[in-house]
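Text of final.csv, listed as CSV, C-alpha atoms and all ligand atoms:
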```
chain,number,residue,atom,x,y,z
A,2,VAL,CA,123.1,89.5,115.1
A,3,ALA,CA,123.6,92.8,113.2
A,4,ARG,CA,125.2,95.8,114.8
A,5,ALA,CA,122.7,98.2,116.5
A,6,PRO,CA,122.2,101.6,114.9
A,7,SER,CA,123.7,104.5,117.0
A,8,ASP,CA,121.7,106.1,119.9
A,9,ARG,CA,122.0,109.4,118.1
A,10,LEU,CA,120.2,108.1,115.0
A,11,LEU,CA,117.5,106.4,117.1
A,12,ASN,CA,116.9,109.6,119.1
A,13,SER,CA,116.8,111.9,116.0
A,14,THR,CA,114.7,109.7,113.7
A,15,THR,CA,111.0,110.1,114.4
A,16,PHE,CA,107.8,108.4,113.3
A,17,LYS,CA,104.3,110.0,113.0
A,18,VAL,CA,102.3,107.4,114.9
A,19,ILE,CA,98.5,106.9,115.0
A,20,GLU,CA,98.4,104.0,117.4
A,21,LEU,CA,100.3,101.0,118.9
A,22,PHE,CA,98.3,98.1,120.2
A,23,GLN,CA,98.2,94.3,120.6
A,24,SER,CA,95.6,92.2,118.8
A,25,PHE,CA,95.5,89.4,116.2
A,26,GLN,CA,96.3,89.5,112.6
A,27,GLY,CA,93.0,89.8,110.8
A,28,GLU,CA,94.1,89.5,107.1
A,29,GLY,CA,95.9,87.2,104.8
A,30,GLN,CA,98.3,84.3,105.4
A,31,ARG,CA,99.1,85.1,109.1
A,32,VAL,CA,95.5,85.5,110.1
A,33,GLY,CA,95.0,84.7,113.8
A,34,THR,CA,98.7,85.3,114.8
A,35,PRO,CA,99.1,87.4,118.0
A,36,THR,CA,100.4,90.7,116.7
A,37,ILE,CA,101.6,94.1,117.8
A,38,PHE,CA,100.4,96.7,115.4
A,39,LEU,CA,102.3,99.9,114.8
A,40,ARG,CA,100.0,102.2,112.7
A,41,LEU,CA,101.8,105.1,111.1
A,42,ALA,CA,100.1,108.3,109.9
A,43,GLY,CA,99.5,109.4,106.3
A,44,CYS,CA,98.6,107.8,103.0
A,45,ASN,CA,99.2,108.6,99.4
A,46,LEU,CA,95.8,107.2,98.3
A,47,GLN,CA,92.2,108.0,99.2
A,48,CYS,CA,90.3,104.8,98.7
A,49,PRO,CA,86.5,105.2,99.0
A,50,PHE,CA,86.3,102.0,101.0
A,51,CYS,CA,89.1,102.9,103.4
A,52,ASP,CA,88.5,101.4,106.8
A,53,THR,CA,91.3,103.3,108.5
A,54,ALA,CA,90.6,106.8,107.2
A,55,TYR,CA,91.5,108.1,110.7
A,56,ALA,CA,95.2,107.2,109.9
A,57,ARG,CA,95.2,109.8,107.1
A,58,ASP,CA,92.4,112.4,107.5
A,59,GLY,CA,93.5,114.3,110.6
A,60,SER,CA,90.6,113.0,112.7
A,61,ARG,CA,93.0,111.4,115.1
A,62,LYS,CA,95.9,112.9,117.0
A,63,VAL,CA,99.3,112.1,115.5
A,64,GLU,CA,102.1,111.5,118.0
A,65,VAL,CA,105.7,112.2,116.9
A,66,VAL,CA,107.8,109.5,118.5
A,67,ASN,CA,111.5,108.7,118.0
A,68,ILE,CA,112.6,105.2,117.2
A,69,ARG,CA,114.3,104.7,120.5
A,70,ASP,CA,111.0,105.3,122.4
A,71,ILE,CA,109.1,103.1,119.9
A,72,VAL,CA,111.5,100.2,120.5
A,73,ALA,CA,111.3,100.7,124.3
A,74,GLU,CA,107.4,100.5,124.0
A,75,LEU,CA,107.6,97.4,121.8
A,76,PHE,CA,109.8,95.6,124.3
A,77,GLY,CA,107.6,96.9,127.1
A,78,MET,CA,104.6,95.2,125.4
A,79,GLY,CA,106.5,91.9,125.3
A,80,LEU,CA,108.0,91.9,121.8
A,81,SER,CA,111.1,89.7,121.8
A,82,LYS,CA,112.6,86.9,119.8
A,83,HIS,CA,110.9,84.4,122.1
A,84,SER,CA,107.5,86.2,122.2
A,85,PRO,CA,104.5,84.9,120.2
A,86,TYR,CA,104.0,88.3,118.7
A,87,ASP,CA,104.6,89.4,115.1
A,88,LEU,CA,105.1,93.1,114.6
A,89,CYS,CA,102.8,94.5,111.9
A,90,ILE,CA,103.9,97.9,110.6
A,91,THR,CA,100.8,99.4,108.9
A,92,GLY,CA,99.0,102.6,108.1
A,93,GLY,CA,97.9,104.6,106.3
A,94,GLU,CA,100.8,103.9,104.0
A,95,PRO,CA,103.8,103.1,106.3
A,96,LEU,CA,106.4,103.3,103.5
A,97,LEU,CA,105.8,107.0,103.3
A,98,GLN,CA,108.1,106.8,106.4
A,99,LYS,CA,110.4,104.2,104.8
A,100,LYS,CA,113.7,105.5,106.3
A,101,GLY,CA,112.3,105.2,109.8
A,102,VAL,CA,110.8,101.8,109.1
A,103,GLU,CA,114.2,100.5,107.8
A,104,LEU,CA,115.9,101.9,110.9
A,105,LEU,CA,113.3,100.2,113.2
A,106,VAL,CA,113.8,96.9,111.4
A,107,LYS,CA,117.6,97.1,111.7
A,108,THR,CA,117.3,97.9,115.4
A,109,LEU,CA,115.0,94.9,116.0
A,110,GLN,CA,117.4,92.7,113.9
A,111,SER,CA,120.3,93.8,116.2
A,112,THR,CA,118.3,92.4,119.1
A,113,GLY,CA,117.9,89.0,117.4
A,114,PHE,CA,114.2,89.6,116.5
A,115,PRO,CA,113.4,87.5,113.4
A,116,LEU,CA,113.0,89.6,110.3
A,117,LEU,CA,110.3,87.4,108.9
A,118,ARG,CA,108.1,88.2,111.9
A,119,VAL,CA,108.1,91.8,110.9
A,120,ASN,CA,105.0,92.2,108.7
A,121,ILE,CA,104.8,95.3,106.6
A,122,GLN,CA,101.4,96.1,105.2
A,123,THR,CA,101.7,98.4,102.2
A,124,ASN,CA,99.5,99.5,99.3
A,125,GLY,CA,102.3,98.7,96.9
A,126,THR,CA,102.8,102.1,95.3
A,127,ILE,CA,106.1,102.8,96.9
A,128,PRO,CA,109.0,100.6,95.7
A,129,VAL,CA,111.1,98.5,98.1
A,130,GLU,CA,114.6,98.1,96.8
A,131,PRO,CA,115.9,94.5,96.8
A,132,SER,CA,119.0,95.8,98.7
A,133,SER,CA,116.8,97.2,101.5
A,134,ILE,CA,116.5,95.3,104.8
A,135,LEU,CA,112.7,95.5,104.3
A,136,SER,CA,113.0,93.0,101.4
A,137,MET,CA,113.9,90.4,104.1
A,138,THR,CA,110.7,91.0,106.1
A,139,TYR,CA,107.3,89.6,105.4
A,140,ILE,CA,105.7,92.1,103.0
A,141,ALA,CA,102.0,92.0,102.5
A,142,VAL,CA,100.9,94.2,99.6
A,143,SER,CA,97.4,95.2,99.1
A,144,PRO,CA,97.1,96.9,95.7
A,145,LYS,CA,94.1,99.1,95.5
A,146,PRO,CA,91.4,99.3,92.8
A,147,PRO,CA,90.7,100.5,90.3
A,148,LYS,CA,94.4,100.6,89.1
A,149,TYR,CA,95.9,98.0,91.4
A,150,GLU,CA,99.3,99.7,91.0
A,151,LEU,CA,102.1,97.3,92.1
A,152,ASN,CA,105.6,98.7,92.4
A,153,VAL,CA,106.9,96.1,95.0
A,154,SER,CA,108.3,92.8,93.6
A,155,MET,CA,109.5,91.3,96.9
A,156,TRP,CA,106.0,90.6,98.3
A,157,SER,CA,105.2,87.6,100.3
A,158,GLU,CA,101.5,87.9,99.9
A,159,LEU,CA,99.1,89.9,97.8
A,160,LYS,CA,95.7,90.9,99.2
A,161,ILE,CA,93.6,92.1,96.3
A,162,VAL,CA,90.7,94.2,97.5
A,163,ILE,CA,87.5,93.4,95.6
A,164,PRO,CA,85.2,96.4,95.8
A,165,ILE,CA,81.4,96.3,95.4
A,166,ASP,CA,81.7,98.0,92.0
A,167,ALA,CA,84.5,95.7,90.6
A,168,TYR,CA,84.4,94.9,86.9
A,169,GLU,CA,85.2,91.2,87.2
A,170,ASN,CA,86.9,90.7,83.8
A,171,VAL,CA,89.0,93.8,84.2
A,172,VAL,CA,90.1,92.6,87.7
A,173,VAL,CA,90.9,89.1,86.4
A,174,ASP,CA,93.1,90.6,83.7
A,175,LEU,CA,94.9,92.9,86.2
A,176,ILE,CA,95.5,90.0,88.7
A,177,LYS,CA,96.9,87.8,85.9
A,178,LYS,CA,99.3,90.6,84.9
A,179,MET,CA,100.4,91.0,88.6
A,180,CYS,CA,100.8,87.3,89.3
A,181,TYR,CA,102.1,85.7,86.1
A,182,PRO,CA,105.8,86.4,86.8
A,183,TYR,CA,105.3,84.5,90.1
A,184,VAL,CA,103.2,81.5,89.2
A,185,LYS,CA,105.8,79.0,89.9
A,186,GLU,CA,106.4,80.5,93.4
A,187,LEU,CA,102.6,80.6,94.0
A,188,MET,CA,102.3,76.9,93.0
A,189,ALA,CA,105.1,76.1,95.4
A,190,GLY,CA,103.5,78.0,98.2
A,191,MET,CA,106.4,80.5,98.5
A,192,ARG,CA,104.0,83.4,97.9
A,193,ALA,CA,100.2,83.7,98.4
A,194,VAL,CA,97.4,85.6,96.9
A,195,PHE,CA,94.2,86.5,98.6
A,196,LEU,CA,91.0,88.0,97.2
A,197,GLN,CA,89.7,90.3,99.9
A,198,PRO,CA,86.0,91.4,99.5
A,199,VAL,CA,85.5,94.8,101.1
A,200,SER,CA,83.9,95.1,104.5
A,201,VAL,CA,80.9,97.5,104.9
A,202,LYS,CA,79.6,99.1,108.0
A,203,VAL,CA,75.9,98.4,108.8
A,204,SER,CA,74.7,100.4,111.8
A,205,ASP,CA,77.6,99.9,114.1
A,206,ASN,CA,78.7,96.5,112.8
A,207,TRP,CA,81.2,95.6,110.1
A,208,MET,CA,80.1,92.9,107.6
A,209,VAL,CA,81.5,91.5,104.4
A,210,SER,CA,79.8,92.9,101.4
A,211,ASP,CA,77.8,90.1,99.9
A,212,ILE,CA,78.1,91.6,96.4
A,213,ALA,CA,81.9,91.9,96.7
A,214,TYR,CA,82.2,88.4,98.2
A,215,ARG,CA,80.3,86.8,95.3
A,216,LYS,CA,82.4,88.7,92.8
A,217,ALA,CA,85.6,87.5,94.6
A,218,VAL,CA,84.4,83.9,94.3
A,219,ARG,CA,83.6,84.3,90.6
A,220,ILE,CA,87.0,85.9,90.0
A,221,SER,CA,88.8,83.1,91.9
A,222,ARG,CA,87.2,80.6,89.5
A,223,LEU,CA,88.6,82.4,86.5
A,224,LEU,CA,92.2,82.2,87.7
A,225,THR,CA,94.5,79.2,87.0
A,226,PHE,CA,96.9,79.6,89.9
A,227,PRO,CA,96.1,79.3,93.6
A,228,VAL,CA,94.2,82.1,95.2
A,229,ARG,CA,92.1,82.2,98.4
A,230,VAL,CA,89.0,84.2,99.1
A,231,LEU,CA,89.4,85.7,102.6
A,232,PRO,CA,87.4,88.6,104.1
A,233,GLN,CA,88.8,90.8,106.9
A,234,VAL,CA,88.5,88.4,109.8
A,235,HIS,CA,89.2,91.2,112.4
A,236,ARG,CA,86.1,93.0,111.1
A,237,LEU,CA,83.9,90.0,111.5
A,238,VAL,CA,85.0,89.0,115.0
A,239,GLY,CA,85.5,92.5,116.4
A,240,TRP,CA,89.3,92.4,116.9
A,241,GLN,CA,90.7,95.9,117.0
B,301,LIG,S1,95.7,102.6,100.8
B,301,LIG,FE1,94.8,101.8,102.7
B,301,LIG,S2,95.0,103.5,104.2
B,301,LIG,FE2,95.4,104.4,102.2
B,301,LIG,S3,93.4,105.2,101.6
B,301,LIG,FE3,93.6,103.1,100.7
B,301,LIG,S4,92.6,101.7,102.2
B,301,LIG,FE4,93.0,103.7,103.2
```
Just give me the structure as structure tokens.
Amino acid sequence: VARAPSDRLLNSTTFKVIELFQSFQGEGQRVGTPTIFLRLAGCNLQCPFCDTAYARDGSRKVEVVNIRDIVAELFGMGLSKHSPYDLCITGGEPLLQKKGVELLVKTLQSTGFPLLRVNIQTNGTIPVEPSSILSMTYIAVSPKPPKYELNVSMWSELKIVIPIDAYENVVVDLIKKMCYPYVKELMAGMRAVFLQPVSVKVSDNWMVSDIAYRKAVRISRLLTFPVRVLPQVHRLVGWQ
């Protein structure tokens, strides 16, 4: 077990937080896993299909909370090395607050909480240095169209958003470029790639876009390494 960061550091380092709640993982490899979500404020992108715009557009109150209080709240919610919960640090773009995220992960590690049960959801634009403790966590990168910028190499899974207006051949070429260095690891199941058709809101209900879903299926057939087509399950079943 690593040494705990000092109280002074935990008191003085703060997060801008949008929400902290328990639910189930709704995307990617760990779908269905009981998960505590820590959603941090702010994003460096403005995707037109964004389903968490409230994390970045000022429409929801941002709480400034120090790391010591976040850890206390997480433990109060039942997070422990024996709990069934993963911790998902998401946004917005959580790596805009990378120093705080590193400190939180170090603190959890010092309690014996398994690093691989920390699940960081990032858009992939902000690099994670291989020397960072974050590179030992489960990093889910969701590169965003149209550029699908990917500056993180230590990813465990890629969730490639397929928008309604995707140009299929262009997306296929970009996915090949992103994945070719990792084909052996993909074949061995050490990394995973998901094609995630966008969700759309119809009246008050979220649905998978049928157009995006069909495009994702066609794109999957043009790739020669394993990919899975998986919509946002939490949108379909109404998990928070
Ligand atoms: S990266 Fe994610 S949070 Fe940021 S604008 Fe795009 S969809 Fe929204």
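Residues within 10 Å of Ile134 in chain A, counting all atoms listed in the file and excluding same-chain residues fewer than 2 positions away, are Val102, Glu103, Leu104, Val106, Lys107, Gln110, Leu116, Val129, Glu130, Pro131, Ser132, Ser136, Met137 and Thr138 of chain A.
Here CA of Leu80 in chain A is placed at a distance of 18.6 Å from CA of Phe16 in chain A.
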| request: Residues up to 10 Å from ligand LIG 301 (chain B), counting all atoms listed in the file: could you list those as number ranges by chain? | output: A: 40-58, 91-95, 122-126, 142-146, 162, 199
| message | Could you list, as a ChimeraX atom specification, every residue within 10 Å of range 225-239 of chain A, counting all atoms listed in the file and ignoring same-chain residues fewer than 4 positions away? | response | /A:24-30,32-33,52,159-163,177,180-181,183-185,187-190,192-202,206-210,213-215,217-218,220-221
Residues of the last selection are to be written out with C-alpha atoms, as a compact mmCIF listing (two decimals), in the frame of the given file.
```txt
# COMPACT_ATOMS: atom_id res chain seq x y z
CA SER A 24 95.60 92.20 118.80
CA PHE A 25 95.50 89.40 116.20
CA GLN A 26 96.30 89.50 112.60
CA GLY A 27 93.00 89.80 110.80
CA GLU A 28 94.10 89.50 107.10
CA GLY A 29 95.90 87.20 104.80
CA GLN A 30 98.30 84.30 105.40
CA VAL A 32 95.50 85.50 110.10
CA GLY A 33 95.00 84.70 113.80
CA ASP A 52 88.50 101.40 106.80
CA LEU A 159 99.10 89.90 97.80
CA LYS A 160 95.70 90.90 99.20
CA ILE A 161 93.60 92.10 96.30
CA VAL A 162 90.70 94.20 97.50
CA ILE A 163 87.50 93.40 95.60
CA LYS A 177 96.90 87.80 85.90
CA CYS A 180 100.80 87.30 89.30
CA TYR A 181 102.10 85.70 86.10
CA TYR A 183 105.30 84.50 90.10
CA VAL A 184 103.20 81.50 89.20
CA LYS A 185 105.80 79.00 89.90
CA LEU A 187 102.60 80.60 94.00
CA MET A 188 102.30 76.90 93.00
CA ALA A 189 105.10 76.10 95.40
CA GLY A 190 103.50 78.00 98.20
CA ARG A 192 104.00 83.40 97.90
CA ALA A 193 100.20 83.70 98.40
CA VAL A 194 97.40 85.60 96.90
CA PHE A 195 94.20 86.50 98.60
CA LEU A 196 91.00 88.00 97.20
CA GLN A 197 89.70 90.30 99.90
CA PRO A 198 86.00 91.40 99.50
CA VAL A 199 85.50 94.80 101.10
CA SER A 200 83.90 95.10 104.50
CA VAL A 201 80.90 97.50 104.90
CA LYS A 202 79.60 99.10 108.00
CA ASN A 206 78.70 96.50 112.80
CA TRP A 207 81.20 95.60 110.10
CA MET A 208 80.10 92.90 107.60
CA VAL A 209 81.50 91.50 104.40
CA SER A 210 79.80 92.90 101.40
CA ALA A 213 81.90 91.90 96.70
CA TYR A 214 82.20 88.40 98.20
CA ARG A 215 80.30 86.80 95.30
CA ALA A 217 85.60 87.50 94.60
CA VAL A 218 84.40 83.90 94.30
CA ILE A 220 87.00 85.90 90.00
CA SER A 221 88.80 83.10 91.90
```
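For the pair CA of Thr36 in chain A and CA of Ser7 in chain A, the interatomic distance is 27.1 Å.
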| task | Measuring atom to atom with all atoms listed in the file, identify which of A:Leu223, A:Val63, A:Ile90, A:Ile68 is nearest to Val172 in chain A. | result | A:Leu223
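Note that the spacing between CA of Leu109 in chain A and CA of Pro128 in chain A amounts to 21.9 Å.
With distances restricted to all atoms listed in the file, A:Val66 is the closest residue to Ile19 in chain A from A:Leu151, A:Leu135, A:Leu224, A:Val66.
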